[in-house]
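File shown: structure_12.tsv (TSV, C-alpha atoms and all ligand atoms).
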```
chain	number	residue	atom	x	y	z
E	810	MET	CA	-40.85	-112.26	135.25
E	811	ASN	CA	-37.17	-111.49	135.60
E	812	ARG	CA	-34.59	-114.27	135.70
E	813	LEU	CA	-34.59	-114.53	139.49
E	814	GLN	CA	-38.36	-114.90	139.50
E	815	LYS	CA	-38.21	-117.50	136.71
E	816	LEU	CA	-35.66	-119.56	138.63
E	817	ALA	CA	-37.66	-119.32	141.87
E	818	ALA	CA	-40.81	-120.43	140.04
E	819	MET	CA	-38.92	-123.41	138.60
E	820	VAL	CA	-37.75	-124.42	142.11
E	821	LYS	CA	-41.29	-124.13	143.46
E	822	GLU	CA	-42.75	-126.09	140.57
E	823	ARG	CA	-40.37	-128.92	141.33
E	824	LYS	CA	-41.33	-128.82	145.00
E	825	ALA	CA	-37.80	-128.12	146.17
E	826	ASP	CA	-36.64	-125.45	148.63
E	827	GLY	CA	-33.71	-124.02	146.73
E	828	LEU	CA	-31.39	-124.11	143.76
E	829	LEU	CA	-27.60	-124.18	143.65
E	830	ILE	CA	-25.80	-122.73	140.60
E	831	ILE	CA	-22.04	-122.87	140.04
E	832	GLU	CA	-21.56	-123.29	136.29
E	833	ALA	CA	-20.31	-120.19	134.43
E	834	GLU	CA	-23.04	-119.99	131.76
E	835	ASP	CA	-25.78	-120.67	134.29
E	836	LEU	CA	-24.37	-117.94	136.56
E	837	CYS	CA	-24.49	-115.61	133.57
E	838	TYR	CA	-28.07	-116.60	132.80
E	839	ALA	CA	-29.17	-116.23	136.43
E	840	THR	CA	-27.64	-112.81	136.91
E	841	GLY	CA	-27.06	-111.36	133.44
E	842	PHE	CA	-23.46	-110.75	134.48
E	843	VAL	CA	-21.03	-111.99	131.81
E	844	GLY	CA	-17.96	-113.80	133.14
E	845	LEU	CA	-19.12	-114.06	136.74
E	846	GLU	CA	-17.47	-116.70	138.90
E	847	GLY	CA	-18.85	-117.88	142.19
E	848	MET	CA	-22.12	-119.39	143.37
E	849	VAL	CA	-25.75	-118.37	143.21
E	850	MET	CA	-28.52	-119.74	145.40
E	851	VAL	CA	-32.21	-119.15	144.74
E	852	THR	CA	-34.95	-120.10	147.17
E	853	ALA	CA	-38.47	-121.21	146.30
E	854	ASP	CA	-39.84	-118.05	147.91
E	855	GLY	CA	-37.81	-115.87	145.55
E	856	LYS	CA	-34.71	-114.93	147.48
E	857	GLY	CA	-31.55	-114.68	145.38
E	858	LEU	CA	-28.07	-114.80	146.88
E	859	CYS	CA	-25.00	-114.23	144.74
E	860	PHE	CA	-21.63	-115.11	146.25
E	861	THR	CA	-18.56	-113.89	144.43
E	862	ASP	CA	-15.12	-112.67	145.31
E	863	SER	CA	-13.28	-109.35	145.27
E	864	ARG	CA	-12.46	-109.62	141.57
E	865	TYR	CA	-16.12	-109.17	140.67
E	866	ILE	CA	-17.85	-107.80	143.74
E	867	GLU	CA	-18.00	-104.11	142.81
E	868	ALA	CA	-19.24	-104.66	139.26
E	869	ALA	CA	-21.54	-107.45	140.41
E	870	GLU	CA	-23.23	-105.26	143.01
E	871	LYS	CA	-24.03	-102.67	140.36
E	872	ALA	CA	-25.20	-105.18	137.77
E	873	ILE	CA	-26.99	-107.78	139.84
E	874	ALA	CA	-28.48	-106.05	142.88
E	875	PRO	CA	-31.18	-104.32	140.77
E	876	MET	CA	-32.50	-107.77	139.77
E	877	GLY	CA	-33.15	-108.53	143.44
E	878	TYR	CA	-30.02	-110.49	144.33
E	879	GLN	CA	-28.02	-109.90	147.49
E	880	VAL	CA	-24.36	-109.83	146.50
E	881	ILE	CA	-21.99	-111.20	149.12
E	882	ASP	CA	-18.22	-111.77	149.26
E	883	PRO	CA	-17.95	-115.03	151.21
E	884	LYS	CA	-15.17	-115.24	153.73
E	885	GLU	CA	-15.29	-119.03	153.74
E	886	GLY	CA	-15.43	-121.54	150.89
E	887	TYR	CA	-18.59	-121.84	148.83
E	888	PRO	CA	-19.78	-125.18	150.28
E	889	ALA	CA	-19.56	-123.74	153.82
E	890	VAL	CA	-21.50	-120.67	152.75
E	891	ALA	CA	-24.12	-122.84	151.03
E	892	ALA	CA	-24.49	-124.79	154.27
E	893	GLN	CA	-25.04	-121.58	156.20
E	894	VAL	CA	-27.74	-120.45	153.77
E	895	CYS	CA	-29.46	-123.84	154.08
E	896	ARG	CA	-29.59	-123.44	157.85
E	897	GLU	CA	-30.74	-119.81	157.84
E	898	GLU	CA	-33.36	-120.29	155.12
E	899	LYS	CA	-34.36	-123.77	156.34
E	900	LEU	CA	-33.68	-125.36	152.95
E	901	GLU	CA	-34.09	-129.14	153.04
E	902	THR	CA	-33.89	-129.92	149.34
E	903	LEU	CA	-31.52	-128.18	146.97
E	904	LEU	CA	-31.72	-128.65	143.19
E	905	PHE	CA	-28.59	-128.70	141.05
E	906	GLU	CA	-27.87	-129.72	137.45
E	907	ASP	CA	-25.78	-132.85	137.58
E	908	ALA	CA	-24.26	-132.34	134.14
E	909	LYS	CA	-22.76	-129.08	135.36
E	910	MET	CA	-21.05	-130.17	138.55
E	911	SER	CA	-17.97	-132.35	138.77
E	912	VAL	CA	-17.98	-135.37	141.05
E	913	ALA	CA	-15.37	-133.61	143.23
E	914	GLU	CA	-17.54	-130.50	143.58
E	915	PHE	CA	-20.58	-132.60	144.32
E	916	ARG	CA	-18.73	-134.43	147.10
E	917	ARG	CA	-17.63	-131.13	148.67
E	918	TYR	CA	-21.16	-129.71	148.66
E	919	GLU	CA	-22.70	-133.00	149.77
E	920	ALA	CA	-20.34	-133.19	152.75
E	921	ALA	CA	-21.01	-129.58	153.77
E	922	VAL	CA	-24.69	-128.83	153.31
E	923	PRO	CA	-27.41	-130.10	155.65
E	924	ALA	CA	-29.89	-130.17	152.71
E	925	ARG	CA	-30.49	-133.05	150.32
E	926	LEU	CA	-28.91	-132.34	146.92
E	927	VAL	CA	-31.41	-133.25	144.20
E	928	PRO	CA	-29.97	-133.68	140.68
E	929	VAL	CA	-32.03	-132.35	137.79
E	930	GLU	CA	-31.26	-132.82	134.14
E	931	ASP	CA	-32.95	-129.79	132.73
E	932	GLY	CA	-33.69	-127.14	135.32
E	933	ILE	CA	-31.90	-123.97	134.26
E	934	SER	CA	-31.05	-125.50	130.89
E	935	ARG	CA	-34.75	-125.85	130.20
E	936	LEU	CA	-35.35	-122.16	130.94
E	937	ARG	CA	-32.35	-121.21	128.83
E	938	GLN	CA	-33.85	-122.88	125.77
E	939	VAL	CA	-36.49	-120.17	125.57
E	940	LYS	CA	-34.63	-117.01	124.67
E	941	GLU	CA	-35.75	-113.60	125.83
E	942	GLU	CA	-35.62	-110.66	123.43
E	943	VAL	CA	-32.39	-109.39	124.99
E	944	GLU	CA	-30.75	-112.78	124.45
E	945	VAL	CA	-31.79	-112.83	120.80
E	946	GLU	CA	-30.29	-109.34	120.42
E	947	HIS	CA	-26.94	-110.59	121.69
E	948	VAL	CA	-26.92	-113.52	119.26
E	949	VAL	CA	-27.84	-111.18	116.40
E	950	ALA	CA	-25.10	-108.73	117.40
E	951	ALA	CA	-22.56	-111.58	117.36
E	952	GLN	CA	-23.85	-112.78	114.00
E	953	ARG	CA	-23.59	-109.32	112.42
E	954	ILE	CA	-19.94	-109.16	113.53
E	955	ALA	CA	-19.27	-112.61	112.02
E	956	GLU	CA	-20.88	-111.62	108.73
E	957	LYS	CA	-18.91	-108.39	108.46
E	958	ALA	CA	-15.66	-110.21	109.24
E	959	LEU	CA	-16.37	-112.80	106.55
E	960	ASP	CA	-17.04	-110.03	104.04
E	961	GLU	CA	-13.66	-108.53	104.89
E	962	LEU	CA	-11.96	-111.91	104.52
E	963	LEU	CA	-13.42	-112.90	101.13
E	964	PRO	CA	-10.92	-111.00	98.93
E	965	MET	CA	-8.07	-112.79	100.74
E	966	ILE	CA	-9.37	-116.27	99.90
E	967	ARG	CA	-7.47	-117.01	96.70
E	968	PRO	CA	-5.02	-119.59	95.36
E	969	GLY	CA	-1.81	-119.64	97.40
E	970	ALA	CA	-3.36	-118.36	100.63
E	971	VAL	CA	-2.84	-120.66	103.64
E	972	GLU	CA	-5.80	-122.10	105.58
E	973	ARG	CA	-4.27	-121.40	108.98
E	974	GLU	CA	-3.52	-117.76	108.11
E	975	LEU	CA	-6.99	-117.16	106.73
E	976	ALA	CA	-8.56	-118.68	109.85
E	977	ALA	CA	-6.42	-116.43	112.07
E	978	GLU	CA	-7.31	-113.42	109.92
E	979	LEU	CA	-11.02	-114.15	110.34
E	980	ASP	CA	-10.67	-114.45	114.12
E	981	TYR	CA	-8.71	-111.21	114.21
E	982	ARG	CA	-11.27	-109.37	112.10
E	983	MET	CA	-14.08	-110.51	114.41
E	984	ALA	CA	-12.15	-109.30	117.46
E	985	ARG	CA	-11.55	-105.92	115.83
E	986	LEU	CA	-15.25	-105.66	115.04
E	987	GLY	CA	-16.14	-106.15	118.70
E	988	SER	CA	-16.39	-109.90	119.25
E	989	THR	CA	-15.43	-110.84	122.81
E	990	GLY	CA	-14.15	-114.26	121.75
E	991	VAL	CA	-14.57	-116.94	119.14
E	992	SER	CA	-17.61	-119.19	119.55
E	993	PHE	CA	-15.32	-122.21	119.02
E	994	GLN	CA	-12.10	-122.88	117.18
E	995	THR	CA	-12.70	-121.65	113.64
E	996	ILE	CA	-13.05	-124.45	111.11
E	997	PHE	CA	-11.37	-123.51	107.84
E	998	VAL	CA	-10.79	-126.38	105.42
E	999	SER	CA	-10.22	-126.50	101.69
E	1000	GLY	CA	-10.09	-128.97	98.84
E	1001	ALA	CA	-10.20	-132.64	99.81
E	1002	LYS	CA	-9.97	-131.60	103.48
E	1003	SER	CA	-13.42	-130.05	103.23
E	1004	SER	CA	-14.82	-133.58	103.40
E	1005	MET	CA	-13.98	-133.55	107.11
E	1006	PRO	CA	-16.91	-131.79	108.81
E	1007	HIS	CA	-14.80	-130.56	111.75
E	1008	GLY	CA	-11.40	-130.38	110.09
E	1009	VAL	CA	-8.71	-128.15	111.58
E	1010	PRO	CA	-7.08	-125.39	109.50
E	1011	GLY	CA	-3.53	-126.28	108.56
E	1012	ASP	CA	-0.65	-125.36	106.26
E	1013	LYS	CA	-2.54	-126.32	103.13
E	1014	LYS	CA	-2.66	-123.66	100.44
E	1015	ILE	CA	-5.89	-122.80	98.68
E	1016	GLU	CA	-5.98	-124.05	95.07
E	1017	ALA	CA	-8.23	-123.25	92.12
E	1018	GLY	CA	-11.08	-125.76	92.03
E	1019	ASP	CA	-11.19	-126.08	95.83
E	1020	PHE	CA	-14.26	-125.87	97.93
E	1021	VAL	CA	-13.49	-123.83	101.06
E	1022	THR	CA	-15.68	-124.48	104.09
E	1023	ILE	CA	-15.64	-121.95	106.93
E	1024	ASP	CA	-17.57	-122.69	110.14
E	1025	PHE	CA	-17.16	-120.00	112.78
E	1026	GLY	CA	-18.84	-117.67	115.21
E	1027	ALA	CA	-18.41	-114.44	117.16
E	1028	MET	CA	-19.52	-113.66	120.72
E	1029	ALA	CA	-21.47	-110.74	122.19
E	1030	GLY	CA	-22.87	-110.33	125.70
E	1031	GLY	CA	-21.84	-113.89	126.53
E	1032	TYR	CA	-23.83	-115.30	123.56
E	1033	HIS	CA	-22.55	-117.23	120.55
E	1034	SER	CA	-23.21	-117.06	116.85
E	1035	ASP	CA	-22.69	-119.97	114.47
E	1036	MET	CA	-22.51	-119.90	110.67
E	1037	THR	CA	-21.01	-122.05	107.94
E	1038	ARG	CA	-20.41	-121.05	104.36
E	1039	THR	CA	-18.78	-123.02	101.56
E	1040	PHE	CA	-17.22	-121.16	98.62
E	1041	ALA	CA	-15.70	-122.42	95.39
E	1042	VAL	CA	-12.34	-120.96	94.39
E	1043	GLY	CA	-11.68	-120.22	90.70
E	1044	PHE	CA	-14.25	-122.60	89.26
E	1045	ALA	CA	-16.74	-125.29	90.23
E	1046	THR	CA	-17.26	-128.55	88.36
E	1047	ASP	CA	-20.78	-129.77	87.56
E	1048	GLU	CA	-20.50	-132.27	90.41
E	1049	MET	CA	-19.51	-129.51	92.85
E	1050	LYS	CA	-22.49	-127.44	91.72
E	1051	LYS	CA	-24.83	-130.41	92.08
E	1052	VAL	CA	-23.63	-131.21	95.59
E	1053	TYR	CA	-23.75	-127.56	96.64
E	1054	ASN	CA	-27.28	-127.07	95.40
E	1055	THR	CA	-28.42	-130.31	97.01
E	1056	VAL	CA	-27.13	-129.09	100.38
E	1057	LEU	CA	-28.82	-125.73	99.85
E	1058	GLN	CA	-32.15	-127.36	98.96
E	1059	ALA	CA	-31.80	-129.62	102.01
E	1060	GLN	CA	-31.19	-126.61	104.23
E	1061	LEU	CA	-34.21	-124.76	102.85
E	1062	ALA	CA	-36.34	-127.88	103.44
E	1063	GLY	CA	-35.06	-128.07	107.04
E	1064	ILE	CA	-35.86	-124.41	107.66
E	1065	GLU	CA	-39.31	-124.89	106.14
E	1066	ALA	CA	-40.02	-127.87	108.42
E	1067	PHE	CA	-38.71	-126.10	111.55
E	1068	GLY	CA	-41.27	-124.48	113.82
E	1069	PRO	CA	-43.00	-124.49	117.21
E	1070	GLY	CA	-44.34	-127.96	118.04
E	1071	LYS	CA	-42.21	-129.66	115.39
E	1072	ILE	CA	-40.21	-132.66	116.57
E	1073	GLY	CA	-36.41	-132.63	116.26
E	1074	ARG	CA	-36.19	-135.83	114.25
E	1075	ASP	CA	-38.89	-134.72	111.80
E	1076	VAL	CA	-37.11	-131.44	111.08
E	1077	ASP	CA	-33.87	-133.36	110.56
E	1078	GLU	CA	-35.62	-135.82	108.27
E	1079	ALA	CA	-37.03	-133.05	106.06
E	1080	ALA	CA	-33.49	-131.98	105.18
E	1081	ARG	CA	-32.03	-135.50	105.15
E	1082	LYS	CA	-34.62	-136.71	102.67
E	1083	VAL	CA	-33.47	-134.14	100.08
E	1084	ILE	CA	-29.90	-135.39	100.38
E	1085	ARG	CA	-30.92	-139.04	100.33
E	1086	ASP	CA	-33.16	-138.56	97.28
E	1087	ALA	CA	-30.25	-136.94	95.43
E	1088	GLY	CA	-28.18	-140.09	96.12
E	1089	TYR	CA	-25.86	-138.62	98.76
E	1090	GLY	CA	-27.52	-140.09	101.87
E	1091	GLU	CA	-24.41	-141.92	103.05
E	1092	TYR	CA	-22.41	-138.67	102.97
E	1093	PHE	CA	-24.46	-136.77	105.56
E	1094	GLY	CA	-23.40	-138.24	108.90
E	1095	HIS	CA	-24.12	-135.57	111.49
E	1096	SER	CA	-27.43	-134.13	112.60
E	1097	LEU	CA	-29.13	-131.15	111.01
E	1098	GLY	CA	-28.77	-128.71	113.85
E	1099	HIS	CA	-28.45	-127.69	117.47
E	1100	SER	CA	-29.65	-124.74	119.47
E	1101	VAL	CA	-27.37	-121.84	120.35
E	1102	GLY	CA	-27.14	-119.41	123.26
E	1103	LEU	CA	-24.75	-118.98	126.17
E	1104	ASN	CA	-23.33	-122.32	125.02
E	1105	ILE	CA	-22.56	-123.08	121.41
E	1106	HIS	CA	-24.38	-126.41	121.63
E	1107	GLU	CA	-27.67	-126.39	123.48
E	1108	ALA	CA	-30.87	-128.41	123.34
E	1109	PRO	CA	-33.25	-128.82	121.60
E	1110	ASN	CA	-31.58	-130.49	118.65
E	1111	ALA	CA	-32.70	-131.15	115.10
E	1112	SER	CA	-31.38	-134.69	115.14
E	1113	PRO	CA	-32.58	-138.17	114.13
E	1114	LYS	CA	-32.42	-139.04	117.84
E	1115	SER	CA	-34.41	-136.09	119.18
E	1116	GLU	CA	-38.02	-136.65	120.23
E	1117	ALA	CA	-38.26	-133.16	121.73
E	1118	ALA	CA	-40.51	-130.51	120.21
E	1119	PHE	CA	-39.28	-127.05	119.33
E	1120	GLU	CA	-41.03	-124.07	120.87
E	1121	ILE	CA	-41.20	-120.31	120.58
E	1122	GLY	CA	-37.93	-118.83	121.84
E	1123	ASN	CA	-35.58	-121.45	120.36
E	1124	ILE	CA	-32.60	-120.39	118.26
E	1125	THR	CA	-31.47	-123.42	116.28
E	1126	THR	CA	-28.91	-124.01	113.54
E	1127	MET	CA	-29.86	-125.59	110.22
E	1128	GLU	CA	-26.63	-127.06	108.87
E	1129	PRO	CA	-26.86	-130.01	106.51
E	1130	GLY	CA	-23.75	-131.17	104.68
E	1131	ILE	CA	-22.48	-133.63	102.11
E	1132	TYR	CA	-18.95	-134.93	102.65
E	1133	ILE	CA	-17.40	-137.17	100.01
E	1134	PRO	CA	-14.18	-138.65	101.43
E	1135	GLY	CA	-11.07	-137.83	99.45
E	1136	LYS	CA	-13.01	-135.44	97.25
E	1137	PHE	CA	-14.72	-132.49	98.90
E	1138	GLY	CA	-17.45	-131.43	101.29
E	1139	VAL	CA	-20.12	-128.75	101.49
E	1140	ARG	CA	-21.98	-127.42	104.53
E	1141	ILE	CA	-24.31	-124.43	104.76
E	1142	GLU	CA	-25.40	-123.22	108.21
E	1143	ASP	CA	-27.81	-120.53	109.35
E	1144	MET	CA	-29.34	-119.80	112.76
E	1145	VAL	CA	-33.13	-119.61	112.81
E	1146	TYR	CA	-35.15	-118.08	115.65
E	1147	LEU	CA	-38.71	-119.05	116.51
E	1148	GLY	CA	-40.23	-115.72	117.50
E	1149	LYS	CA	-43.74	-114.92	118.64
E	1150	ASP	CA	-44.42	-113.40	115.23
E	1151	GLY	CA	-43.00	-116.31	113.27
E	1152	LYS	CA	-39.62	-117.75	112.47
E	1153	ARG	CA	-36.79	-115.47	111.56
E	1154	ASN	CA	-33.51	-116.41	109.94
E	1155	LEU	CA	-30.91	-114.56	112.02
E	1156	THR	CA	-28.27	-115.20	109.34
E	1157	LEU	CA	-28.38	-112.62	106.57
E	1158	TYR	CA	-25.28	-113.75	104.69
E	1159	PRO	CA	-25.95	-114.89	101.08
E	1160	LYS	CA	-25.80	-118.61	100.45
E	1161	GLU	CA	-26.16	-119.23	96.72
E	1162	LEU	CA	-23.02	-120.79	95.27
E	1163	THR	CA	-20.29	-118.14	95.09
E	1164	ILE	CA	-17.15	-118.66	93.08
E	1165	LEU	CA	-14.31	-116.54	94.43
T	1201	MN	MN	-23.20	-125.34	114.34
```

Take the structure in the file and write it out as C-alpha cells.
Amino acid sequence: MNRLQKLAAMVKERKADGLLIIEAEDLCYATGFVGLEGMVMVTADGKGLCFTDSRYIEAAEKAIAPMGYQVIDPKEGYPAVAAQVCREEKLETLLFEDAKMSVAEFRRYEAAVPARLVPVEDGISRLRQVKEEVEVEHVVAAQRIAEKALDELLPMIRPGAVERELAAELDYRMARLGSTGVSFQTIFVSGAKSSMPHGVPGDKKIEAGDFVTIDFGAMAGGYHSDMTRTFAVGFATDEMKKVYNTVLQAQLAGIEAFGPGKIGRDVDEAARKVIRDAGYGEYFGHSLGHSVGLNIHEAPNASPKSEAAFEIGNITTMEPGIYIPGKFGVRIEDMVYLGKDGKRNLTLYPKELTIL
C-alpha cells in the first residue's frame, strides 16, 4: 500500500468519510514531498486531494501526482476549499488530529465545512510510528552525516576551545556534508555544565578533566537523526570512568530489552535498574528514549509512564544519563530500529570512553 492507500484505509477503519491534514510533517508523510505547505484531504474511498499554492505547485505536481493525488492551486482559502470538497464528495465526518491544529484553525474549518470534524489523537501519527524502508534510509543518511561531522570536529575539542564555537562548527560541518538542517539546537556542554541534560552551549572554554556532552542531529529527506556522545578531555578520574561505564552498561541493557511487543516502561526500567543498582538512581531524571522520524520526538516512548508496546518499524533512541549537579554529567544515545529481520542499531559511532 502506498501512503495514500494507507491513509484511506485508516479513515475507513475509523468509519469516517474523510481526513483533513494541515500540519507540515503530516503533509510530508502523506505526500512524500518535503517542505510542502497547504492542505491534503483523503477520502475513505481512496481519493487524495492536495491543495497548495504557486510556490510549490509545479514541483508538487511532479512529485505527488504519481502517488494518486490530484494537485490543485486553490483560488479561495483552505477552509472554503475543504467545504467544497465535503459537498462534492458528500463527506459527513472528517477526521483531524487535534494536537496538530490550533484552536484558531479549528474554528475557521468548523465554521466553513458542512461536515462534522472528528478529533483523533493518533491517526496519521499512528501510521508514522511504523517506518517504511525509505524512511529508515533517510534517518540512516542523516545519521551518517552526523557521524562524519563529529569525526571532523573531534580534533578541535581541546582545552581553550569555546563551547559555542564548537557547536557552530559541528552544525556547519553537517550542513557541508549535506544535512538540510539541524534536528534541534545542538547541545554542547562541558565540565560542570554537563550535569544539565539540555544545557545550551555558551562562552565556557573546554578544560582538561572536563566531560564534554554533545547531543545533536542532522536531517535528510525531512527525517531527523539523534545521537549523544560524551568525551573526556585530557584525563578522566576514577569516578568519571565509573559513571561513564555505568551509563554505557545501562544503555546496553536498554537496547537488549528493546524489541517488538516490549512495553515502554519495561525497556526504560531495564536501563534504569543498572543506574539505580550502581547507586546513581537519583541522577537519572529523564526517560530512556523516544522515537524519531519526521519529528525529533515521536511516540512510542521508552519511559516509566509508557504502557505502549513497541512494534516492528519503530526507530527509538536509547539515551540514559547520569547527571551529578555541580560536578558533571554523562549521556550516551543511539537510535535503534526494529526491522523485520531483527533490531538494528542505526548509530555506528563508537561509544567506549574516549579521552581526547
Ligand atoms: Mn534524543

* For ligand MN 1201 (chain T), list the contacting residues at 10 Å or closer, counting only C-alpha atoms and all ligand atoms, as a list in words. => Ser992, Phe993, Asp1024, Phe1025, Gly1026, Ser1034, Asp1035, Met1036, Thr1037, Ser1096, Leu1097, Gly1098, His1099, Ser1100, Val1101, Ile1105, His1106, Thr1125, Thr1126, Met1127, Glu1128, Pro1129, Ile1141, Glu1142, Asp1143 and Met1144 of chain E

* Could you jot down the CA of Met876 in chain E to CA of Ala951 in chain E separation for me, Å, one decimal place? =>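 Taking CA of Met876 in chain E as the start and CA of Ala951 in chain E as the end point, the length is 24.8 Å.
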
Give one line per residue of range 847-924 of chain E that approaches range 928-946 of chain E to at most 12 Å, naming the two atoms of the closest pair and their distance in Å to one decimal, counting all atoms listed in the file; sort by chain then ascending residue number and deliver it as a tab-separated table.
```
residue	atom	partner	partner_atom	distance
E:Val851	CA	E:Ile933	CA	11.5
E:Thr902	CA	E:Pro928	CA	10.2
E:Leu903	CA	E:Pro928	CA	8.5
E:Leu904	CA	E:Pro928	CA	5.9
E:Phe905	CA	E:Pro928	CA	5.2
E:Glu906	CA	E:Val929	CA	4.9
E:Asp907	CA	E:Pro928	CA	5.3
E:Ala908	CA	E:Glu930	CA	7.0
E:Lys909	CA	E:Glu930	CA	9.4
E:Met910	CA	E:Pro928	CA	9.8
E:Phe915	CA	E:Pro928	CA	10.1
E:Glu919	CA	E:Pro928	CA	11.7
```

* Asked: Nearest to Ile954 in chain E: which of E:Ala1029, E:Ile1015, E:Leu829, E:Val971 is it, counting all atoms listed in the file?
  ->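 Going through E:Ala1029, E:Ile1015, E:Leu829, E:Val971 one by one, the smallest distance to Ile954 in chain E is for E:Ala1029.
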
* Structure fact -> Pairwise distance, CA of Gly1073 in chain E with CA of Ile1124 in chain E, equals 13.0 Å

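Of the residues under consideration (E:Val998, E:Ile1164, E:Ala977, E:Asp960), E:Ile1164 shows the shortest atom-to-atom contact distance to Phe1040 in chain E when counting only C-alpha atoms.
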
* To do: Work out how far apart CA of Leu986 in chain E and CA of Cys837 in chain E are and give it in Å to one decimal.
  =>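 Separating CA of Leu986 in chain E from CA of Cys837 in chain E is a distance of 23.0 Å.
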
* Asked: Out of E:Gln952, E:Asn1110, E:Thr1046, E:Thr1055, which residue has the shortest atom-to-atom distance to Arg1074 in chain E when counting only C-alpha atoms?
  ->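 Going through E:Gln952, E:Asn1110, E:Thr1046, E:Thr1055 one by one, the smallest distance to Arg1074 in chain E is for E:Asn1110.
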